[in-house]
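Worksheet for the structure shown next.
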Amino acid sequence: MTDAPRTFDLGALAYGGDYNPDQWSEDVWAEDVALMREAGVNIVSLPVFSWPQLEIASGVYDWGWLDRVIDLLWDAGIHVDLATATATPPAWLLRAHPEMMPMDAEGRRMEFGSRQTYCPSSPVWHEHVARMTRAMAERYGRHPAVALWHVSNEYGDHTSRCYCPESARHFRRWLAERYGSIDGLNEAWGVNVWGQRYGDWDQIETPRRAPGPINPTQLLDFERFSSDALLGLFRLEVEILRELTPDIPLTTNFMSMFHDLDYWRFAELEDLVTDDAYPDPADPLAPVGAALNYGLMRSLKQRPWLLLEQSASAVSWRDVNVPKAPGKMRTDSLQAIAHGSEGAMFFQWRQARYGQEKFHSSMLGHRGRSSRTFAETKALGAELAALEPVRGSRVRARVAMVFDWDSRWGSAAAESMPSQRLNWAGQARAWHRAMHALGQPVDAVRATGPFDDYDVVLVPNLYIADAVQAQALIAFAAAGGRVVIGPFSGVVDATEKVHLGGAPGPLRDLLGVEVDEQWPLADGETGVLDLDGAALTFAHWGEWIEVDAAACVLARYASGDLNGRPAVTSRPAGAGSAWYVSAMLDDAGLVAVWRLVLAEAGLPARDRTDVNLDAVTRSSADTDYTFVLNHGREPLTIAVPEGARDLLGHDVGRTTNATLTLPRFGAAVLATPRAETVPFITLADGRTD
Ligand code: GLA
C-alpha cells in the first residue's frame, strides 16, 4: 500500500464532468458524446450512483447499458473516471438488512430516499461493497477507457457519524485497540470527573444525546474513530482494486477542507488527490477560501491533484443558489489549475431533468447547446489546450500552514471550552486570508512536517500538542525557519489532559511564553493591541501571557483588563525564530504582523493589498507559469514580470515596467524562464487598492 503512486495521465489537462446517462434515454447519449467532443471533453466520471441500475436485484446484473456507454465514449476518445458505484446502496439491500441504515445521535434510523444510507461499520455493507467493487473491476478493469478509479463518492457526505449498535461495537473495538484495557480507557478519558468510570467495554456507547455536556475525550475519540471507520471502508475497496487492476490509478473525491475526515490519512491510500470545490458565487471572499483548499489539495501528496467537481454556475443545495456571472466559471477553473490541478471537471455534464439536482447547473444546461453554460464550457475547453505546457509543473510555496485534524476536532467538538468563538478552522481561514492578501501562496503541512521546503510555518491553532510535534517545530526554527503559533495552542495532550505549567505546553521553551489564563472577550466586544504605535483590533480572544527574558514583545494589549500586557512576541530560536500571537486579530492586524514575519524571512509582501488579486506560480524544470486572476468585478492593473509571455494571448509587451489591466474576471498566465524565486505579482503603481 505504500508503493509509489500510479500516474494519472490523459496526455492533456483533464476536462469533463460527472455523467449520468442512466437518467436519459439512449438516443440522448449520442448527442452527449457529440457535444462533449465539440467542447473538448476528454474524461467523464460514471456511474457514481448507479448500483441499483447495475444490480437490479440481489445477484441480477444489467451491465449492458454501461458497456454500451463506455464503448460509445471510448470510440469518441473520451476516457472514464470509473466509479465503483458503491456510493449508495440499492433499496433491495437495505430492505433485506435494515440494520445497515445509519442512526443519528438521537437514536433515529435514517430512511431510504436519499443517498449514502449506510452505516460505515456495517459488516453487511462491507461485504456487499467488496462484492460490487470486485464485480466492477473484473468487468471493466481491462477496458482502455478507464483512466482512473473513482472509489465510492465523497466519503462522509451525508453520513460521516453513525450512532447505531453496530457502530458502538466497532467503537469499542477501536478503543480497545487504542487503550489496551478498560483501565487504560478510564485513565485516558479522565472518568473520575462526573462519575464516568467504566467497568467493562460493553458499558461504552457512542456519544449519543446525554443530559449535559459529554466527556470531551469521548467526543474526540469518536471523531477519530468515525474518520477511521470510513477510512477502513475506503481501504477495503483500495485493496481489491490494487489486487485486480494494479496499474490503474485510484482516487476518492475529497470535499475541500472537510471537517470530518483526516485527509492526510486518506491521501496515503490514493494515487491522485481529487477535490470537489463549490466556492459560493455570492461570497466575494470565496476565492480566498478556495486558495486555501487548493493549497491543502496540492500538499496532501505533494503532487499535482485534480479538481473533479465544481459547478458551471449555480448549485442547488444552498438556501439561495446564486449563479456564476459570465466569465466566473473560467476564472474559478483557472484558479484551481493555478494551484496545481491537472484539469477542471464539473458536476455535472448534462443538467438533470428530475430529482434532487435538477436545478443544479451543468456544463450543458436545460436549453441544451444554446445554454450559456455550454457556450462557456466550449470556450474553456478550447482555452485549456493553450495551457498544456503547465501540466506536471508544481507550485513552489515558501509559506506553509499546519493542518492538524486532532486539534481541529478537539477545538470544536466539546461544549465546555473557554469560548466557542475560537476554533481551528476559523483561525486557519483568517491567518490564510492575511497571507493571501500579501501575495504569498500557502501550502498545508502536518504538525510534524516535513518543513524543509518552507521559510515560514504558520500554526493557527494546535490545541492538542505533543513533544514530537514540538520537536519538529523546534528543529525547523533551529535550521533558520520562522514558526508562528496562534492562540490556544499546546493546551492539552492527546487525551485532552491540560499541560500543567501553562499553555503552550511543549512549545513553552521554544516561544518563551507561558499562558496564565485564557481571556475570551464577550460577544460584540473588541480590543486593541499596540504594535509600535499602530493600533490593531482583535475580538473574541486574548490571553494573559508571561514571557521570558529572551522573548521580544512586539505588540502589547492596549485596552481592557489585559492593558499593557504582552500580546505578540517573537523569540530567537537557533538560526530562526518563534513567534506567538495570543489574540484573535482582525485581517488588518494579521496583515501587519505577517509583514514583520515575511520581512524577517526575506520574503516579499505586497505594499497594497486587494483580495481579488490572485497570483500563483507553477514551475516546470525550465519555466515559471504565473497565473494572475482577477476575481472581482473591477479591473485590476498589475506589473508584468520582465520578459513574460501570456499563454492566454494578451500582448504583455517585453519591455520593463510593462503593465497589464485585467478586466472583471480577467486572467493571464505569464510564462518566464524558471528563476530561483518565482515572480512576485503586485498591483502596478499609480493605482489605489
Ligand atoms: C457533490 C456530489 C455530487 C453532486 C454535487 C452537487 O459534490 O459528489 O454527486 O451531488 O455535490 O454539488
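Following the order of the C-alpha cells, first chain is A, next is B, and so on, with residues numbered from 1 inside each chain and ligands from 1 in the order they appear.
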
Exercise for review: Please write out the residues within 8 Å of ligand 1 as a PyMOL selection string, counting only C-alpha atoms and all ligand atoms.
Suggested key: chain A and resi 18+48-49+153-154+157+253+255+276-278+309-311+315-317+347-348+357+360

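Every protein, DNA or RNA residue with an atom at most 10 Å from Asp610 in chain A, where only C-alpha atoms count and chain neighbours fewer than 5 positions away do not, is listed here: His436, Ala437, Leu438, Gly439, Asn630, Gly632, Leu636, Thr682, Leu683, Thr688 and Asp689 of chain A.
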
**Study point:** Distance query Val238 in chain A at most 9 Å, only C-alpha atoms, self and fewer than 5 positions along chain excluded, as number ranges by chain
**Key:** A: 1, 151, 233, 243, 250, 269-270

Got time to write the residues from that selection, N, CA, C and O atoms, as a PDB file, in the first residue's frame?
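And here's selection00.pdb as it stands now:
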```
ATOM      1  N   MET A   1       0.821  -1.217   0.000  1.00  0.00           N
ATOM      2  CA  MET A   1       0.000   0.000   0.000  1.00  0.00           C
ATOM      3  C   MET A   1       0.847   1.255   0.000  1.00  0.00           C
ATOM      4  O   MET A   1       0.381   2.335  -0.286  1.00  0.00           O
ATOM      5  N   VAL A 151     -13.337   5.808  -6.279  1.00  0.00           N
ATOM      6  CA  VAL A 151     -13.827   4.911  -5.227  1.00  0.00           C
ATOM      7  C   VAL A 151     -14.942   5.599  -4.440  1.00  0.00           C
ATOM      8  O   VAL A 151     -14.761   6.717  -3.947  1.00  0.00           O
ATOM      9  N   LEU A 233     -13.405   1.576   5.295  1.00  0.00           N
ATOM     10  CA  LEU A 233     -14.260   1.252   4.153  1.00  0.00           C
ATOM     11  C   LEU A 233     -13.530   1.565   2.846  1.00  0.00           C
ATOM     12  O   LEU A 233     -13.589   0.797   1.881  1.00  0.00           O
ATOM     13  N   GLU A 243      -5.408  -5.344  -6.114  1.00  0.00           N
ATOM     14  CA  GLU A 243      -5.214  -6.755  -6.474  1.00  0.00           C
ATOM     15  C   GLU A 243      -5.614  -6.995  -7.938  1.00  0.00           C
ATOM     16  O   GLU A 243      -4.878  -7.630  -8.694  1.00  0.00           O
ATOM     17  N   LEU A 250      -5.961   5.323  -8.611  1.00  0.00           N
ATOM     18  CA  LEU A 250      -7.269   5.457  -7.967  1.00  0.00           C
ATOM     19  C   LEU A 250      -7.332   6.697  -7.097  1.00  0.00           C
ATOM     20  O   LEU A 250      -6.332   7.204  -6.602  1.00  0.00           O
ATOM     21  N   LEU A 269      -3.592   6.498   0.812  1.00  0.00           N
ATOM     22  CA  LEU A 269      -4.046   5.332   0.049  1.00  0.00           C
ATOM     23  C   LEU A 269      -4.292   5.645  -1.422  1.00  0.00           C
ATOM     24  O   LEU A 269      -4.554   4.737  -2.211  1.00  0.00           O
ATOM     25  N   GLU A 270      -4.266   6.911  -1.776  1.00  0.00           N
ATOM     26  CA  GLU A 270      -4.631   7.315  -3.143  1.00  0.00           C
ATOM     27  C   GLU A 270      -3.399   7.446  -4.038  1.00  0.00           C
ATOM     28  O   GLU A 270      -2.297   7.686  -3.559  1.00  0.00           O
TER      29      GLU A 270
END
```

Exercise for review: Do a neighbour search on Pro47 in chain A at 7 Å with only C-alpha atoms, toss out local chain neighbours closer than 4 positions, and write the hits as a ChimeraX atom specification.
Suggested key: /A:20,82-83,85

Would you put the residues from that selection into a file with all heavy atoms, as an mmCIF file, in the first residue's frame?
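Resulting contents of again27.cif:
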```
data_model
loop_
_atom_site.group_PDB
_atom_site.id
_atom_site.type_symbol
_atom_site.label_atom_id
_atom_site.label_comp_id
_atom_site.auth_asym_id
_atom_site.auth_seq_id
_atom_site.Cartn_x
_atom_site.Cartn_y
_atom_site.Cartn_z
ATOM 1 N N ASN A 20 -24.320 11.097 -16.095
ATOM 2 C CA ASN A 20 -25.354 10.189 -15.592
ATOM 3 C C ASN A 20 -26.258 9.735 -16.730
ATOM 4 O O ASN A 20 -27.442 10.101 -16.786
ATOM 5 C CB ASN A 20 -26.171 10.894 -14.496
ATOM 6 C CG ASN A 20 -25.334 11.108 -13.237
ATOM 7 O OD1 ASN A 20 -24.817 10.148 -12.662
ATOM 8 N ND2 ASN A 20 -25.176 12.347 -12.829
ATOM 9 N N LEU A 82 -13.804 5.855 -13.594
ATOM 10 C CA LEU A 82 -14.838 4.853 -13.337
ATOM 11 C C LEU A 82 -15.139 4.701 -11.848
ATOM 12 O O LEU A 82 -14.281 4.275 -11.068
ATOM 13 C CB LEU A 82 -14.425 3.496 -13.920
ATOM 14 C CG LEU A 82 -15.559 2.473 -13.963
ATOM 15 C CD1 LEU A 82 -16.650 2.886 -14.953
ATOM 16 C CD2 LEU A 82 -15.037 1.085 -14.327
ATOM 17 N N ALA A 83 -16.363 5.055 -11.499
ATOM 18 C CA ALA A 83 -16.784 4.904 -10.108
ATOM 19 C C ALA A 83 -17.036 3.437 -9.815
ATOM 20 O O ALA A 83 -17.480 2.682 -10.687
ATOM 21 C CB ALA A 83 -18.049 5.719 -9.862
ATOM 22 N N ALA A 85 -19.300 2.554 -7.991
ATOM 23 C CA ALA A 85 -20.771 2.521 -7.862
ATOM 24 C C ALA A 85 -21.231 2.160 -6.453
ATOM 25 O O ALA A 85 -22.365 1.731 -6.252
ATOM 26 C CB ALA A 85 -21.390 1.582 -8.904
#
```

Point to revise | Pick from A:Leu272, A:Val146, A:Leu387, A:Ala567 nearest to Ala671 in chain A, counting only C-alpha atoms | key: A:Leu387

Exercise for review: List every residue of range 467-614 of chain A that DSSP, applied to the backbone of this structure, places in strand (DSSP E), and write the result as number ranges by chain.
Suggested key: A: 482-485, 513-520, 526-531, 534-539, 541-547, 552-557, 566-573, 576-581, 613-614

Output of the above residues as a PDB file, in the first residue's frame, restricted to C-alpha atoms:
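Below is the file selection13.pdb, written as the result:
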```pdb
ATOM      1  CA  ARG A 482      10.140  31.219  11.177  1.00  0.00           C
ATOM      2  CA  VAL A 483       7.395  29.446  13.090  1.00  0.00           C
ATOM      3  CA  VAL A 484       4.302  31.387  14.115  1.00  0.00           C
ATOM      4  CA  ILE A 485       1.995  29.868  16.723  1.00  0.00           C
ATOM      5  CA  VAL A 513       5.766  32.166  26.649  1.00  0.00           C
ATOM      6  CA  GLU A 514       3.541  30.824  29.420  1.00  0.00           C
ATOM      7  CA  VAL A 515      -0.195  31.379  29.308  1.00  0.00           C
ATOM      8  CA  ASP A 516      -1.503  32.169  32.776  1.00  0.00           C
ATOM      9  CA  GLU A 517      -5.129  32.426  31.736  1.00  0.00           C
ATOM     10  CA  GLN A 518      -7.221  32.367  28.550  1.00  0.00           C
ATOM     11  CA  TRP A 519      -9.073  35.676  28.272  1.00  0.00           C
ATOM     12  CA  PRO A 520     -12.078  35.480  25.894  1.00  0.00           C
ATOM     13  CA  THR A 526     -13.384  44.376  20.623  1.00  0.00           C
ATOM     14  CA  GLY A 527      -9.964  45.204  21.979  1.00  0.00           C
ATOM     15  CA  VAL A 528      -6.832  46.917  20.759  1.00  0.00           C
ATOM     16  CA  LEU A 529      -3.157  45.942  20.598  1.00  0.00           C
ATOM     17  CA  ASP A 530      -0.355  48.420  20.220  1.00  0.00           C
ATOM     18  CA  LEU A 531       2.196  47.359  17.590  1.00  0.00           C
ATOM     19  CA  ALA A 534      -0.158  51.147  15.340  1.00  0.00           C
ATOM     20  CA  ALA A 535      -3.499  50.072  16.817  1.00  0.00           C
ATOM     21  CA  LEU A 536      -4.502  46.531  15.859  1.00  0.00           C
ATOM     22  CA  THR A 537      -8.030  45.319  16.563  1.00  0.00           C
ATOM     23  CA  PHE A 538      -8.939  41.952  17.996  1.00  0.00           C
ATOM     24  CA  ALA A 539     -12.161  40.279  19.082  1.00  0.00           C
ATOM     25  CA  TRP A 541      -9.981  36.037  22.302  1.00  0.00           C
ATOM     26  CA  GLY A 542      -6.968  37.291  24.213  1.00  0.00           C
ATOM     27  CA  GLU A 543      -4.611  35.677  26.726  1.00  0.00           C
ATOM     28  CA  TRP A 544      -2.777  36.699  29.862  1.00  0.00           C
ATOM     29  CA  ILE A 545       0.740  35.620  28.987  1.00  0.00           C
ATOM     30  CA  GLU A 546       4.058  35.800  30.802  1.00  0.00           C
ATOM     31  CA  VAL A 547       7.222  35.956  28.708  1.00  0.00           C
ATOM     32  CA  CYS A 552      10.779  40.193  22.366  1.00  0.00           C
ATOM     33  CA  VAL A 553       7.364  41.781  22.906  1.00  0.00           C
ATOM     34  CA  LEU A 554       6.256  43.117  19.521  1.00  0.00           C
ATOM     35  CA  ALA A 555       2.751  44.151  20.490  1.00  0.00           C
ATOM     36  CA  ARG A 556       1.018  44.760  23.817  1.00  0.00           C
ATOM     37  CA  TYR A 557      -2.633  44.791  24.751  1.00  0.00           C
ATOM     38  CA  PRO A 566       2.367  41.255  26.131  1.00  0.00           C
ATOM     39  CA  ALA A 567       0.241  40.115  23.192  1.00  0.00           C
ATOM     40  CA  VAL A 568       2.506  39.252  20.222  1.00  0.00           C
ATOM     41  CA  THR A 569       6.029  38.019  20.784  1.00  0.00           C
ATOM     42  CA  SER A 570       8.987  36.732  18.872  1.00  0.00           C
ATOM     43  CA  ARG A 571      11.977  34.890  20.225  1.00  0.00           C
ATOM     44  CA  PRO A 572      15.231  33.885  18.527  1.00  0.00           C
ATOM     45  CA  ALA A 573      15.445  30.108  18.107  1.00  0.00           C
ATOM     46  CA  GLY A 576      15.381  31.224  13.028  1.00  0.00           C
ATOM     47  CA  SER A 577      12.698  32.486  15.343  1.00  0.00           C
ATOM     48  CA  ALA A 578       9.456  31.517  17.050  1.00  0.00           C
ATOM     49  CA  TRP A 579       6.501  33.896  17.193  1.00  0.00           C
ATOM     50  CA  TYR A 580       3.393  33.804  19.346  1.00  0.00           C
ATOM     51  CA  VAL A 581       0.143  35.604  18.562  1.00  0.00           C
ATOM     52  CA  LEU A 613      -5.934  39.658  -6.941  1.00  0.00           C
ATOM     53  CA  ASP A 614      -4.761  36.056  -7.015  1.00  0.00           C
TER      54      ASP A 614
END
```

Review point. Of the candidates A:Ile638, A:Ala145, A:Ala267, A:Met297, which shows the shortest atom-to-atom distance to Glu342 in chain A, using only C-alpha atoms?
Key: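 Distance minimum relative to Glu342 in chain A lands on A:Met297.
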
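When CA of Arg37 in chain A is paired with CA of Ala76 in chain A, their separation reads 7.3 Å.
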
Point to revise | Which of A:Pro441, A:Pro323, A:Pro287, A:Gly490 sits closest to Phe359 in chain A [using only C-alpha atoms] | key: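 Comparing A:Pro441, A:Pro323, A:Pro287, A:Gly490 against Phe359 in chain A, the winner is A:Pro323.
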
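In this structure, CA of Pro216 in chain A sits 23.0 Å away from CA of Arg108 in chain A.
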
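What separates CA of Cys119 in chain A from CA of Arg161 in chain A is a distance of 8.4 Å.
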
**Study point:** Residues within 7 Å of Pro5 in chain A, only C-alpha atoms, excluding chain neighbours under 2 positions, as a VMD selection string
**Key:** chain A and resid 3 7 271

Expected file contents, prior selection, N, CA and C atoms, as a PDB file, in the first residue's frame:
```
ATOM      1  N   ASP A   3       3.394   1.633  -1.859  1.00  0.00           N
ATOM      2  CA  ASP A   3       4.172   1.708  -3.094  1.00  0.00           C
ATOM      3  C   ASP A   3       3.966   3.050  -3.791  1.00  0.00           C
ATOM      4  N   THR A   7       0.583   6.939 -12.030  1.00  0.00           N
ATOM      5  CA  THR A   7       0.380   8.270 -12.600  1.00  0.00           C
ATOM      6  C   THR A   7      -0.924   8.334 -13.377  1.00  0.00           C
ATOM      7  N   ASP A 271      -3.667   7.388  -5.353  1.00  0.00           N
ATOM      8  CA  ASP A 271      -2.619   7.765  -6.310  1.00  0.00           C
ATOM      9  C   ASP A 271      -2.745   9.238  -6.658  1.00  0.00           C
TER      10      ASP A 271
END
```

**Study point:** Test item, alpha helix (DSSP H) assignment across range 381-525 of chain A, answer as a ChimeraX atom specification
**Key:** /A:381-386,405-413,424-437,467-478,508-511

Once you have the residues from the selection above, write them out as a tab-separated table (two decimals), in the first residue's frame, restricted to C-alpha atoms.
```tsv
chain	number	residue	atom	x	y	z
A	381	GLY	CA	-12.34	23.66	-23.35
A	382	ALA	CA	-10.60	25.48	-26.18
A	383	GLU	CA	-8.57	27.61	-23.79
A	384	LEU	CA	-7.31	24.65	-21.80
A	385	ALA	CA	-5.42	23.46	-24.86
A	386	ALA	CA	-3.28	26.61	-24.63
A	405	TRP	CA	-7.27	17.18	12.35
A	406	ASP	CA	-6.83	16.23	16.02
A	407	SER	CA	-6.62	19.88	17.02
A	408	ARG	CA	-9.42	20.70	14.64
A	409	TRP	CA	-11.72	18.12	16.24
A	410	GLY	CA	-10.54	18.86	19.77
A	411	SER	CA	-11.05	22.61	19.45
A	412	ALA	CA	-14.54	22.20	18.02
A	413	ALA	CA	-16.14	19.03	19.43
A	424	TRP	CA	-9.10	25.61	14.31
A	425	ALA	CA	-10.94	26.21	11.03
A	426	GLY	CA	-11.82	29.84	11.77
A	427	GLN	CA	-8.24	30.56	12.77
A	428	ALA	CA	-6.83	28.81	9.70
A	429	ARG	CA	-9.05	30.77	7.33
A	430	ALA	CA	-8.25	34.13	8.94
A	431	TRP	CA	-4.50	33.51	9.02
A	432	HIS	CA	-4.53	32.38	5.42
A	433	ARG	CA	-6.62	35.37	4.27
A	434	ALA	CA	-3.98	37.79	5.53
A	435	MET	CA	-1.13	35.86	3.90
A	436	HIS	CA	-3.10	35.67	0.65
A	437	ALA	CA	-3.62	39.44	0.67
A	467	ALA	CA	6.56	16.54	22.26
A	468	VAL	CA	7.07	15.03	18.80
A	469	GLN	CA	5.29	17.94	17.11
A	470	ALA	CA	7.12	20.44	19.30
A	471	GLN	CA	10.44	18.82	18.42
A	472	ALA	CA	9.71	19.11	14.70
A	473	LEU	CA	8.84	22.80	15.02
A	474	ILE	CA	11.91	23.44	17.20
A	475	ALA	CA	14.13	21.76	14.58
A	476	PHE	CA	12.55	23.88	11.84
A	477	ALA	CA	13.30	27.11	13.73
A	478	ALA	CA	16.79	25.90	14.65
A	508	ARG	CA	6.76	26.94	26.00
A	509	ASP	CA	10.54	26.83	25.74
A	510	LEU	CA	10.55	27.48	22.02
A	511	LEU	CA	8.35	30.56	22.41
```

Practice item. Could you check which of A:Thr626, A:Glu376, A:Met136, A:Arg298 is closest to Tyr61 in chain A, using only C-alpha atoms? Key: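 When distances to Tyr61 in chain A are compared using only C-alpha atoms, the smallest one comes from A:Met136.
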
Point to revise | Minimum-distance residue to Ala344 in chain A, chosen among A:Leu220, A:Ala379, A:Leu308, A:Val33 (using only C-alpha atoms) | key: A:Leu308

**Study point:** Of the listed residues A:Ala147, A:Val445, A:Val491, A:Ala39, that which approaches Ile248 in chain A most closely, counting only C-alpha atoms
**Key:**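 Checking each of A:Ala147, A:Val445, A:Val491, A:Ala39 against Ile248 in chain A, counting only C-alpha atoms, the winner is A:Ala147.
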
Practice item. Please provide as number ranges by chain all residues within 7 Å of range 50-55 of chain A, with the sequence filter that same-chain residues fewer than 5 positions apart are discarded (counting only C-alpha atoms). Key: A: 60-63, 85-86, 89-90

Export of the given selection (C-alpha atoms) as a compact mmCIF listing (two decimals), in the first residue's frame:
```
# COMPACT_ATOMS: atom_id res chain seq x y z
CA VAL A 60 -29.19 -9.98 -11.04
CA TYR A 61 -26.94 -7.74 -13.10
CA ASP A 62 -27.61 -5.49 -16.06
CA TRP A 63 -24.23 -4.44 -17.41
CA ALA A 85 -20.77 2.52 -7.86
CA THR A 86 -20.69 1.95 -4.11
CA PRO A 89 -26.89 1.12 -1.54
CA PRO A 90 -29.86 -0.19 -3.52
```

Check your understanding: What's the 9 Å shell around Asp466 in chain A, counting only C-alpha atoms, without same-chain residues fewer than 6 positions away, as a count of residues only?
Key -> 7
